[in-house]
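Report on one structure; see the data block that follows.
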Protein chains: 6
Amino acid sequence: MDIKKDTFIACDTPFQNADIVILGAGFDSTTTYRPGARFAPSAIRKESYSIETYSPYQDKDLEDIKVCDAGDLDLPISDTKRVLEVIEDGISEILKANKLPILLGGEHLVTLGSIRAILQKYNDVIIVHFDAHADLRDDYLSDKLSHSTVIRRCYEQLVSREVHQFGIRSGDRQEFEFAKKSTKMQKFNFDGIEKIKDKKVYLTVDMDVLDPSEFPGTGTPEAGGVKFLELLKATKTVFENNEIVGVDIVELNPMVDNSGISTSLACKYLREVLLYI
Amino acid sequence: MDIKKDTFIACDTPFQNADIVILGAGFDSTTTYRPGARFAPSAIRKESYSIETYSPYQDKDLEDIKVCDAGDLDLPISDTKRVLEVIEDGISEILKANKLPILLGGEHLVTLGSIRAILQKYNDVIIVHFDAHADLRDDYLSDKLSHSTVIRRCYEQLVSREVHQFGIRSGDRQEFEFAKKSTKMQKFNFDGIEKIKDKKVYLTVDMDVLDPSEFPGTGTPEAGGVKFLELLKATKTVFENNEIVGVDIVELNPMVDNSGISTSLACKYLREVLLYI
Amino acid sequence: MDIKKDTFIACDTPFQNADIVILGAGFDSTTTYRPGARFAPSAIRKESYSIETYSPYQDKDLEDIKVCDAGDLDLPISDTKRVLEVIEDGISEILKANKLPILLGGEHLVTLGSIRAILQKYNDVIIVHFDAHADLRDDYLSDKLSHSTVIRRCYEQLVSREVHQFGIRSGDRQEFEFAKKSTKMQKFNFDGIEKIKDKKVYLTVDMDVLDPSEFPGTGTPEAGGVKFLELLKATKTVFENNEIVGVDIVELNPMVDNSGISTSLACKYLREVLLYI
Amino acid sequence: MDIKKDTFIACDTPFQNADIVILGAGFDSTTTYRPGARFAPSAIRKESYSIETYSPYQDKDLEDIKVCDAGDLDLPISDTKRVLEVIEDGISEILKANKLPILLGGEHLVTLGSIRAILQKYNDVIIVHFDAHADLRDDYLSDKLSHSTVIRRCYEQLVSREVHQFGIRSGDRQEFEFAKKSTKMQKFNFDGIEKIKDKKVYLTVDMDVLDPSEFPGTGTPEAGGVKFLELLKATKTVFENNEIVGVDIVELNPMVDNSGISTSLACKYLREVLLYI
Amino acid sequence: MDIKKDTFIACDTPFQNADIVILGAGFDSTTTYRPGARFAPSAIRKESYSIETYSPYQDKDLEDIKVCDAGDLDLPISDTKRVLEVIEDGISEILKANKLPILLGGEHLVTLGSIRAILQKYNDVIIVHFDAHADLRDDYLSDKLSHSTVIRRCYEQLVSREVHQFGIRSGDRQEFEFAKKSTKMQKFNFDGIEKIKDKKVYLTVDMDVLDPSEFPGTGTPEAGGVKFLELLKATKTVFENNEIVGVDIVELNPMVDNSGISTSLACKYLREVLLYI
Amino acid sequence: MDIKKDTFIACDTPFQNADIVILGAGFDSTTTYRPGARFAPSAIRKESYSIETYSPYQDKDLEDIKVCDAGDLDLPISDTKRVLEVIEDGISEILKANKLPILLGGEHLVTLGSIRAILQKYNDVIIVHFDAHADLRDDYLSDKLSHSTVIRRCYEQLVSREVHQFGIRSGDRQEFEFAKKSTKMQKFNFDGIEKIKDKKVYLTVDMDVLDPSEFPGTGTPEAGGVKFLELLKATKTVFENNEIVGVDIVELNPMVDNSGISTSLACKYLREVLLYI
């Protein structure tokens, strides 16, 4: 019997032979508004059969690279600390095998598990962060571990203390004040991204950096966002000018993606990311 | 200016004058499948203006009784233990004022906060539990506090050790074995409910006890459920034969109630419950 | 070119040759809750191609009878009085041609226009009314012409002063008191319908008489309704025992019929009604 | 008990202490196509908890200003004339207390009630009108009071006879001819808005001026609209150059806002408007 | 890494060790009304994690039996004849390995591929057919291979010429006349199903046999159907009295299952079928 | 009785008097991902009553031109070859009457039927093709007749061998290589469209050339598309510089157009196309 594959399209290289490993983390327990990001990795896989493996933007094809879609981590979703450990362990296993990890959230907090694993291998890593929200709260509803605090938590762990934020257009006053002192934040757009050069970069992409017109399927859409082609260009710039050591793509929420265009866009973005590497 | 009210229909008696107090607890963080029950109390309030205050079933009218809809508790939703404390405190405040509390979930775990408050006042209370699911796990994904363990946790705290379960049609084998030893479980329907008499009863109603055809708007619908008129009759029987000391109505999930009929039914059920008292 | 027809399935007999005429009245301006019934007639036509012309219930076929689907009246929807006149004129034109009119709403108020035309021809007509709601208010928000007052208005115009109501399960106290004095109301079900005999009957069917599980696509769904097979049987009983002089089918709201099952059921009900005649 | 507030986020200043008063008017009875705008004010309030009180565009915070969200007017929705009177009375009450009124529709006709109240206090007011539609018909289906005639009606009442229209891209030929003679209409965009200076301005914003990609949740979406950031800039220009005496925001229709991005955008726009004042 | 499984819940026995094999056939090209059944097998798998492996109806558990969910066939969906061959080959492979096949459609035509494979092994097989539609047309729009002709085609191939149909409530007159001569058809319900005894049975279940209130998620819903508990009981009767040689479950359409209750019910039905065997 | 018309707005000129004829072809059987385009022509007609007949872009009105909306072809949808013949015959009938045909799909394959008819009359025609997808496969899943091969098939039949493609951003590598040799393809946008001059042009518009933010309602949305105003301008350029001999508009899928903005945009685009002619 000829059976259909369940991986992201054309990403069926066995783990040991792969250069890149995709790993899903369907977690959204700290989401305060519209939950559902937990369903994103499986939605992306299923939807990926609607796109082509070939990119006319790059004239490259997923068939020509070696990617393993390892599936979704089995997460104890009601225990946030343990979830982060499971993610950290999963990413560590990929890094130890000398493969590049691409983590699919889930909500943004999953980044913290990933960055902990990254820091064990690359202590000079910096973070490039695309998002509508600053995610720099110290705590949220007295919780230190939240999608709203995740970049603050990552920042605290970074040896480099270097976080570049782009596209930010929402947060409370304290977050923007913290950013002025501690991170390098570019509000609203990607201006200046070409200045980041020759670094080891972990790229975390909250898909809500995009305008809700192009990406309605996310829990807290914020009008006034960047466009898909701008996101592609910014991503390409970071990849060309730096060494990428890890990537995550978070906050797609299929439960509110009635039209399906957000899931479809996420597939296309993931294809382009895989081909940039 | 004549401004529209935001309470459940006709439940605008001030707290101090009321005999019954409705309190919302929009919490769903331990939900493992389709989250969204957090939006139930506000959806019920808004939808209540589509029903009448008069019940042709009972020939009574909400206008003739004194109910205060106190609104929704402000919950620290990412800290489950604290959430339960806030609920406990809210219900205690109602009980101390000698009013009957009606708690609107949220997911089923909210019942635990409520029952803790009830036990401080009535140590001989028993629980009557309508649900599709047994909710008798000892832990769920290693978590002791979950919508799947809530009746087990309540049972452990009851002095009476008396829990009557009705309509149950889903659970793992261990839960049904636990029920055989420890609770009184009637699978699939309400048979035998008239035997519960002259007790102090706390009634917890997981709306998914209803068949999904009548109540699709819940996170884990289970085919083969009871009908609305059966639920009304069972509720009436419990109310007529016993002293009711508290009620909760949980697990409406407006995010998956596309047709709106579940929210509408919940309003009607709440009206009937208020008029039975 | 072989072009698809736009009528209700198999109802393409020219007006002059038809025995029965279907007429649409897409009006819903007095709807107080979820508007959208205005789209019902066109939705029913379009959906009708998913059903068969043959009825296994009656062993009859729409191909064997002569029905003209005349389309939808062009209504001045912001002028309620004028809308009722246009409906009255349309139905009168059908009656004058000695054909049986079947009016598709629209909200329930359209019945008033129809009954006015009927009364000009049959002054001894009685009304049989299937509905979840009593529709017996004297006024609604100080408006005399409303979906909530329509049966009261019809009652006032009837020479026979004979209105039989079935399935009623919602209304305010005054409506039920009015019913006790003035109409013959059977709450909740169709009990006693076989006693209506040898009358000239105008049948008005508010589809929300059905349980919302079977018919979610209506503006104000009321749990605890009758079943489709009960509705068929009650309709058959009325048709067999009396002379039918007009029928209307109202309150399908396609805007809230996400699953499409309500529109589909309405098509099937209309087919059975056409074949009962 | 700590109860959640029901106002627009951070707009809970008591009426007497407020500088600005938000008032809802959930009316949509003259809507000819997809009704549902009646649910907009409550949808905006509920959704507002997904946005922040701080604006990174203006570096200001709602916490620092005094706004009272007074709730929704209780409207006799089936009597259009009376509805307009109730709106007029509500706005008058706000103006007499020397506060700035912000009216949330509802359909566009609500503007007429508001402008009547405004004219009693400011007889030299001019209107700035953002919309996809000209709304300049003399009557619509023989109705003088309609969402399609509202700007014509307002124009007739203005002492200044000065109406500036922007973004218009739909209407019949007569409306565009009327505009050439009587109003100052800028088709498609906001060009020239900086020329309006030193006036007393009433700003009426039909949200369908936005492109349907950014704002799908409206009854009659019109492709080819302006962008959110253009709307913000135009609004800011009007506020900086003139004295604002009243604002309304109309035609959000939550019933067709499946993705929720329109309601979310409306919240953000209202926040920016409040902070511009 | 501990990765989540992609099979139907607890059906992860390797092919060689399994007693039962589930195979998906996501085909719906001949669907004339609402297409989408092609997505059913993957939707059922994903949704299965919302149900339990334990059945309180049978006191049995999926963990105790050996089932292999082999995934979905890779089908050339635009070539109907070839699709049927691929299905036939897949089922044959299962039968040759002496395992019981369970085919998940897809539209009803997939049954024809399955029955061809079955007939190669069991020439005395009879068919038991649960459906709302007769599916006995000789051709449909001049096409011999269609969801509307599938039982006629199967009948023609059966050596036994024995087809028992239950629940049928839709078809054209010719189909019902054909049934009178050639098949044993029970309209509307399951009456008489206990008379089928000691046969080799292939069971084909079109889920639209269920009432649309319980199962809205199908392309052509037909009001007046059977209930879930009736379907369970009928299925149990057939399994107890006969030797089952193959089963298929078809016509779930996830694209129109907005509420999700149909997919959920299909999971539960599949669990019960697996445990009946 | 004054009955509403069922044609596209203001396109009710009788066939013999018309200059332009609109014809619907609701076919989508070769769709490999999300089917539903078969419902597009009727959805466009129904939605057209939400737009105006007057175009402020061109200062022209549909009332001033003579268009016949002939309705939808009755297609044998399960027989692809026959479907193409029926379309060819329909278009031929229009051409023989010396009227300009505008075909509404359906999926893109319908273009092949149309181009065959066109070639019988105009053997020097060239094709201008707006699309997100190249549609240049030689076969798709071994099928020569598919929405993915349609432009290849058309190319093969063209005497001129001249196909200009614009907006293309998806396809496999072979398609892009074929384009380099055989067609004139402009990736991503409309650059260079003004160079097509003085030709007999058949224009085929796959609406998914638009960005999914503006046109989500299509089976395989592709991020990074063109804007509505760009599409209008490109269309105008082609019409001004060439002789148009036929147009088709395809791939609207109302089943996934939850917000309705795609259907609405398609109406507006069709109006502009009619007025450009």
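The chains in the structure tokens are called A, B, ... from first to last as shown; in each chain the residues are counted from 1, and the ligands are counted from 1 in the order shown.
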Interface residues on chain E facing chain F, 7 Å, only C-alpha atoms, written as a PyMOL selection string: chain E and resi 29-30+35-36+76+78+141+143
I want to know what sits within 9 Å of Ile44 (chain F), based on only C-alpha atoms, with residues of the same chain fewer than 5 positions away left out; could you give that as an NGL selection string? :F and (8 or 39 or 254 or 263-264 or 266-267)
Residues from the last selection, N, CA, C and O atoms, saved as a PDB file, in the first residue's frame:
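So again.pdb came out as:
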```
ATOM      1  N   PHE F   8     -27.204  38.798 -12.249  1.00  0.00           N
ATOM      2  CA  PHE F   8     -26.233  39.742 -11.723  1.00  0.00           C
ATOM      3  C   PHE F   8     -26.869  41.130 -11.851  1.00  0.00           C
ATOM      4  O   PHE F   8     -27.581  41.412 -12.814  1.00  0.00           O
ATOM      5  N   PHE F  39     -19.929  26.603  -6.455  1.00  0.00           N
ATOM      6  CA  PHE F  39     -21.005  27.480  -5.972  1.00  0.00           C
ATOM      7  C   PHE F  39     -20.783  28.960  -6.317  1.00  0.00           C
ATOM      8  O   PHE F  39     -21.588  29.810  -5.952  1.00  0.00           O
ATOM      9  N   PRO F 254     -16.934  30.050  -2.561  1.00  0.00           N
ATOM     10  CA  PRO F 254     -17.770  30.610  -1.481  1.00  0.00           C
ATOM     11  C   PRO F 254     -17.768  29.761  -0.215  1.00  0.00           C
ATOM     12  O   PRO F 254     -18.013  30.274   0.871  1.00  0.00           O
ATOM     13  N   THR F 263     -16.376  37.237  -2.253  1.00  0.00           N
ATOM     14  CA  THR F 263     -17.519  37.244  -3.169  1.00  0.00           C
ATOM     15  C   THR F 263     -17.883  38.681  -3.519  1.00  0.00           C
ATOM     16  O   THR F 263     -18.157  39.001  -4.688  1.00  0.00           O
ATOM     17  N   SER F 264     -17.858  39.536  -2.526  1.00  0.00           N
ATOM     18  CA  SER F 264     -18.164  40.943  -2.747  1.00  0.00           C
ATOM     19  C   SER F 264     -17.153  41.579  -3.703  1.00  0.00           C
ATOM     20  O   SER F 264     -17.525  42.303  -4.633  1.00  0.00           O
ATOM     21  N   ALA F 266     -15.378  40.023  -5.933  1.00  0.00           N
ATOM     22  CA  ALA F 266     -15.584  39.453  -7.270  1.00  0.00           C
ATOM     23  C   ALA F 266     -16.707  40.179  -8.005  1.00  0.00           C
ATOM     24  O   ALA F 266     -16.618  40.432  -9.206  1.00  0.00           O
ATOM     25  N   CYS F 267     -17.760  40.534  -7.276  1.00  0.00           N
ATOM     26  CA  CYS F 267     -18.866  41.300  -7.878  1.00  0.00           C
ATOM     27  C   CYS F 267     -18.372  42.640  -8.415  1.00  0.00           C
ATOM     28  O   CYS F 267     -18.714  43.059  -9.513  1.00  0.00           O
TER      29      CYS F 267
END
```
As a PyMOL selection string, which residues of region 124-192 of chain B does DSSP assign to strand (DSSP E or B)? chain B and resi 126-130+133+140+143+163-168+170+184-187
Hey, what's within 7 Å of Val125 (chain C) if we count only C-alpha atoms and toss same-chain stuff fewer than 4 positions away? As a ChimeraX atom specification, please? /C:160,200-202
How would the residues just picked look written out with N, CA and C atoms as a PDB file, in the first residue's frame?
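Okay, result08.pdb is ready:
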```pdb
ATOM      1  N   SER C 160     -63.701  34.494  12.666  1.00  0.00           N
ATOM      2  CA  SER C 160     -63.955  33.279  13.451  1.00  0.00           C
ATOM      3  C   SER C 160     -63.397  33.377  14.878  1.00  0.00           C
ATOM      4  N   LYS C 200     -61.950  25.520   7.379  1.00  0.00           N
ATOM      5  CA  LYS C 200     -61.046  26.176   6.433  1.00  0.00           C
ATOM      6  C   LYS C 200     -59.858  26.663   7.252  1.00  0.00           C
ATOM      7  N   VAL C 201     -58.693  26.129   6.944  1.00  0.00           N
ATOM      8  CA  VAL C 201     -57.524  26.384   7.800  1.00  0.00           C
ATOM      9  C   VAL C 201     -56.431  27.150   7.062  1.00  0.00           C
ATOM     10  N   TYR C 202     -55.945  28.210   7.708  1.00  0.00           N
ATOM     11  CA  TYR C 202     -54.689  28.818   7.288  1.00  0.00           C
ATOM     12  C   TYR C 202     -53.631  28.331   8.264  1.00  0.00           C
TER      13      TYR C 202
END
```
Could you write out, as a list in words, all the residues of region 6-46 of chain B that DSSP marks as alpha helix (DSSP H)? Ala40, Pro41, Ser42, Ala43, Ile44, Arg45 and Lys46 of chain B
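Note that CA of Glu107 (chain F) and CA of Asp257 (chain F) are 15.2 Å apart.
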If we count only C-alpha atoms and set the cut-off at 12 Å, which residues sit around Glu222 (chain F), ignoring sequence neighbours fewer than 2 positions away in its own chain? Please answer as a PyMOL selection string. (chain A and resi 48+50-52+55+214+228-229+260-269) or (chain F and resi 131-133+167-171+188+206-220+224-226)
Would you mind exporting the chosen residues as a short mmCIF file (atom, residue, chain, number, x, y, z; two decimals), in the first residue's frame, restricted to C-alpha atoms?
```
data_model
loop_
_atom_site.label_atom_id
_atom_site.label_comp_id
_atom_site.auth_asym_id
_atom_site.auth_seq_id
_atom_site.Cartn_x
_atom_site.Cartn_y
_atom_site.Cartn_z
CA SER A 48 1.37 21.99 3.86
CA SER A 50 -1.67 22.75 -0.42
CA ILE A 51 1.67 24.45 -1.18
CA GLU A 52 4.47 23.51 -3.57
CA SER A 55 10.07 28.37 -4.13
CA GLU A 214 -2.71 38.76 6.12
CA PHE A 228 4.39 39.01 4.32
CA LEU A 229 6.88 40.19 1.73
CA GLY A 260 -7.37 29.20 6.55
CA ILE A 261 -5.12 31.88 5.06
CA SER A 262 -2.97 32.17 8.19
CA THR A 263 -2.15 28.47 8.33
CA SER A 264 -1.40 28.53 4.62
CA LEU A 265 0.89 31.54 5.01
CA ALA A 266 2.69 29.87 7.92
CA CYS A 267 3.40 26.87 5.68
CA LYS A 268 4.84 29.09 3.00
CA TYR A 269 6.94 31.01 5.52
CA ASP F 131 -3.01 33.83 -11.51
CA ALA F 132 -1.03 32.87 -8.41
CA HIS F 133 -0.33 29.47 -9.95
CA GLY F 167 1.30 37.47 -10.80
CA ILE F 168 2.53 33.86 -10.78
CA ARG F 169 4.05 32.82 -7.44
CA SER F 170 3.47 29.07 -7.16
CA GLY F 171 4.21 25.97 -9.19
CA PHE F 188 4.62 38.17 -8.63
CA ASP F 206 -7.87 33.30 -11.53
CA MET F 207 -8.95 35.42 -8.60
CA ASP F 208 -6.27 33.86 -6.39
CA VAL F 209 -3.83 36.18 -8.13
CA LEU F 210 -5.00 38.59 -5.44
CA ASP F 211 -3.42 38.55 -2.02
CA PRO F 212 -5.31 36.26 0.39
CA SER F 213 -5.83 39.22 2.72
CA GLU F 214 -8.12 40.75 0.09
CA PHE F 215 -9.40 37.47 -1.35
CA PRO F 216 -9.36 34.67 1.23
CA GLY F 217 -12.22 32.79 -0.41
CA THR F 218 -10.31 30.54 -2.76
CA GLY F 219 -9.21 26.92 -2.55
CA THR F 220 -5.45 27.40 -2.46
CA GLY F 224 2.28 37.60 -1.40
CA GLY F 225 -0.30 38.44 -4.06
CA VAL F 226 -1.33 41.56 -5.92
#
```
Which residues are close to Ala179 (chain C), i.e. within 10 Å by only C-alpha atoms, leaving aside same-chain residues fewer than 6 positions away? Reply as number ranges by chain. C: 134, 136, 152, 163-165, 173, 185-186
Saved selection, atoms kept: N, CA and C atoms, as an mmCIF file, in the first residue's frame:
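Saved as selection.cif:
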```
data_model
loop_
_atom_site.group_PDB
_atom_site.id
_atom_site.type_symbol
_atom_site.label_atom_id
_atom_site.label_comp_id
_atom_site.auth_asym_id
_atom_site.auth_seq_id
_atom_site.Cartn_x
_atom_site.Cartn_y
_atom_site.Cartn_z
ATOM 1 N N ALA C 134 -45.418 32.426 21.726
ATOM 2 C CA ALA C 134 -46.848 32.707 21.669
ATOM 3 C C ALA C 134 -47.181 33.801 20.650
ATOM 4 N N LEU C 136 -48.199 36.735 21.082
ATOM 5 C CA LEU C 136 -49.490 37.310 21.453
ATOM 6 C C LEU C 136 -49.378 38.648 22.181
ATOM 7 N N ARG C 152 -51.478 37.961 17.755
ATOM 8 C CA ARG C 152 -52.477 38.848 18.360
ATOM 9 C C ARG C 152 -53.169 39.688 17.289
ATOM 10 N N VAL C 163 -58.081 30.639 16.865
ATOM 11 C CA VAL C 163 -56.648 30.397 16.632
ATOM 12 C C VAL C 163 -56.219 29.219 17.492
ATOM 13 N N HIS C 164 -55.666 28.197 16.858
ATOM 14 C CA HIS C 164 -55.145 27.040 17.591
ATOM 15 C C HIS C 164 -53.629 27.089 17.592
ATOM 16 N N GLN C 165 -53.046 27.125 18.786
ATOM 17 C CA GLN C 165 -51.584 27.239 18.884
ATOM 18 C C GLN C 165 -50.999 25.938 19.434
ATOM 19 N N ARG C 173 -45.808 36.444 30.778
ATOM 20 C CA ARG C 173 -46.989 35.947 31.507
ATOM 21 C C ARG C 173 -48.290 36.428 30.872
ATOM 22 N N MET C 185 -54.518 27.218 23.160
ATOM 23 C CA MET C 185 -53.086 26.976 23.135
ATOM 24 C C MET C 185 -52.733 25.619 23.751
ATOM 25 N N GLN C 186 -52.000 24.827 22.975
ATOM 26 C CA GLN C 186 -51.428 23.587 23.487
ATOM 27 C C GLN C 186 -49.926 23.844 23.688
#
```
Which value, in Å to one decimal, gives the distance between CA of Asp72 (chain D) and CA of Phe27 (chain C)?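 For CA of Asp72 (chain D) relative to CA of Phe27 (chain C), the distance reads 26.2 Å.
Of the residues listed (A:Glu243, A:Glu85, A:Asp12, A:Asp2), A:Asp2 shows the shortest atom-to-atom separation from Gly24 (chain E); distances use only C-alpha atoms.
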Separation of CA of Leu104 (chain A) and CA of Phe176 (chain A), in Å? 27.0 Å
Residue contacts of Gly192 (chain B) (10 Å, only C-alpha atoms) excluding same-chain residues fewer than 4 positions away, as a ChimeraX atom specification: /B:166,186,196,234
Nearby residues (only C-alpha atoms) at most 8 Å from Ile91 (chain C), same-chain spacing under 6 positions excluded, as a list in words: Pro101, Ser114, Ala117 and Ile118 of chain C
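Candidate residues D:Ile9, D:Ile127, D:Val110, D:Leu158 were compared for distance to Lys66 (chain D), and the nearest is D:Ile9, using only C-alpha atoms.
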